[in-house]
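Let me begin by presenting the structure, written as structure tokens, before commenting on it.
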Amino acid sequence: MATAKKEKELSFEEALTRLEEIANVLENESPDLSKALEMYEESAKLLKGCLEMLDEAQKKITVLSKGE
């Protein structure tokens, strides 16, 4: 299930792996509604974190590219 780390502390790769785990459970195990909502909420937080990390990476690439 979830690692001991909070969503903000996960690396991009760890968050992506957790998102894949959640998707697999939701698609194949049909959890009850409360569990599905809990997993959906976790996935929304993970997705937000991933998007923020990608945005930061894009900004760094832009800065580095301008320095050439």
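As shown in the structure tokens, the chain order sets the letters A, B, ...; within each chain, residues go from 1, and ligands are also counted from 1 in the order they appear.
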- Pull the alpha helix (DSSP H) assignments for chain A out of DSSP run on the backbone, and list those residues as JSON, numbers by chain. {"A": [12, 13, 14, 15, 16, 17, 18, 19, 20, 21, 22, 23, 24, 25, 26, 27, 28, 33, 34, 35, 36, 37, 38, 39, 40, 41, 42, 43, 44, 45, 46, 47, 48, 49, 50, 51, 52, 53, 54, 55, 56, 57, 58, 59, 60, 61, 62, 63, 64, 65, 66]}
- Quick one: everything within 12 Å of Val25 (chain A), counting only C-alpha atoms, minus sequence neighbours fewer than 2 positions away in the same chain. Send it as a list in words.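 The filter keeps Met1, Arg18, Leu19, Glu20, Glu21, Ile22, Ala23, Glu27, Asn28, Glu29, Ser30, Pro31, Asp32, Lys35, Ala36, Met39, Tyr40 and Ser43 of chain A.
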Keeping N, CA and C atoms, export the residues of the selection given above as a JSON list (two decimals), in the first residue's frame.
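Resulting contents of selection-v7.json:
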[["chain", "number", "residue", "atom", "x", "y", "z"],
["A", 1, "MET", "N", 0.84, -1.18, 0.00],
["A", 1, "MET", "CA", 0.00, 0.00, 0.00],
["A", 1, "MET", "C", 0.88, 1.24, 0.00],
["A", 18, "ARG", "N", 3.31, 4.54, -7.38],
["A", 18, "ARG", "CA", 2.14, 4.48, -6.50],
["A", 18, "ARG", "C", 0.86, 4.77, -7.28],
["A", 19, "LEU", "N", 0.90, 5.72, -8.20],
["A", 19, "LEU", "CA", -0.26, 5.99, -9.05],
["A", 19, "LEU", "C", -0.64, 4.76, -9.87],
["A", 20, "GLU", "N", 0.35, 4.05, -10.38],
["A", 20, "GLU", "CA", 0.08, 2.83, -11.14],
["A", 20, "GLU", "C", -0.54, 1.75, -10.25],
["A", 21, "GLU", "N", -0.06, 1.65, -9.00],
["A", 21, "GLU", "CA", -0.63, 0.68, -8.06],
["A", 21, "GLU", "C", -2.09, 1.00, -7.78],
["A", 22, "ILE", "N", -2.38, 2.26, -7.55],
["A", 22, "ILE", "CA", -3.76, 2.68, -7.28],
["A", 22, "ILE", "C", -4.65, 2.38, -8.47],
["A", 23, "ALA", "N", -4.18, 2.71, -9.66],
["A", 23, "ALA", "CA", -4.98, 2.45, -10.87],
["A", 23, "ALA", "C", -5.26, 0.96, -11.01],
["A", 27, "GLU", "N", -8.97, -0.68, -10.98],
["A", 27, "GLU", "CA", -9.42, -1.37, -12.18],
["A", 27, "GLU", "C", -9.72, -2.85, -11.95],
["A", 28, "ASN", "N", -8.93, -3.48, -11.09],
["A", 28, "ASN", "CA", -9.01, -4.94, -11.00],
["A", 28, "ASN", "C", -9.61, -5.50, -9.71],
["A", 29, "GLU", "N", -9.63, -4.72, -8.65],
["A", 29, "GLU", "CA", -10.08, -5.26, -7.37],
["A", 29, "GLU", "C", -11.44, -4.73, -6.92],
["A", 30, "SER", "N", -11.95, -3.73, -7.56],
["A", 30, "SER", "CA", -13.25, -3.15, -7.22],
["A", 30, "SER", "C", -13.42, -2.93, -5.72],
["A", 31, "PRO", "N", -12.62, -2.03, -5.15],
["A", 31, "PRO", "CA", -12.75, -1.76, -3.72],
["A", 31, "PRO", "C", -14.10, -1.12, -3.40],
["A", 32, "ASP", "N", -14.49, -1.19, -2.12],
["A", 32, "ASP", "CA", -15.75, -0.55, -1.74],
["A", 32, "ASP", "C", -15.62, 0.97, -1.94],
["A", 35, "LYS", "N", -13.16, 3.07, 0.27],
["A", 35, "LYS", "CA", -11.76, 2.79, -0.07],
["A", 35, "LYS", "C", -11.41, 3.39, -1.42],
["A", 36, "ALA", "N", -12.31, 3.30, -2.38],
["A", 36, "ALA", "CA", -12.08, 3.87, -3.71],
["A", 36, "ALA", "C", -11.92, 5.40, -3.62],
["A", 39, "MET", "N", -8.53, 6.19, -2.12],
["A", 39, "MET", "CA", -7.47, 6.00, -3.10],
["A", 39, "MET", "C", -7.49, 7.10, -4.16],
["A", 40, "TYR", "N", -8.68, 7.54, -4.54],
["A", 40, "TYR", "CA", -8.80, 8.63, -5.50],
["A", 40, "TYR", "C", -8.19, 9.91, -4.93],
["A", 43, "SER", "N", -4.49, 9.62, -5.02],
["A", 43, "SER", "CA", -3.98, 9.76, -6.38],
["A", 43, "SER", "C", -4.01, 11.20, -6.85]]
- Item | Distance criterion (only C-alpha atoms): nearest to Leu47 (chain A) out of A:Thr62, A:Asn24, A:Thr17, A:Ser34 | A:Thr17
- Query: Between CA of Ser65 (chain A) and CA of Leu46 (chain A), what is the distance, to one decimal in Å?
  - Reply: 28.5 Å
- Message: Would you compute the distance between CA of Glu56 (chain A) and CA of Glu42 (chain A)? Give it in Å to one decimal.
- Response: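 Atom-to-atom, CA of Glu56 (chain A) to CA of Glu42 (chain A), that is 21.4 Å.
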- Query: Between CA of Phe12 (chain A) and CA of Lys60 (chain A), what is the distance, to one decimal in Å?
  - Reply: 15.6 Å
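Within 12 Å of Leu51 (chain A), once only C-alpha atoms are used and residues closer than 6 positions along the same chain are dropped, the contacting residues are Lys8, Ser11, Phe12, Ala15, Leu16, Ala44, Lys45, Ala57 and Gln58 of chain A.
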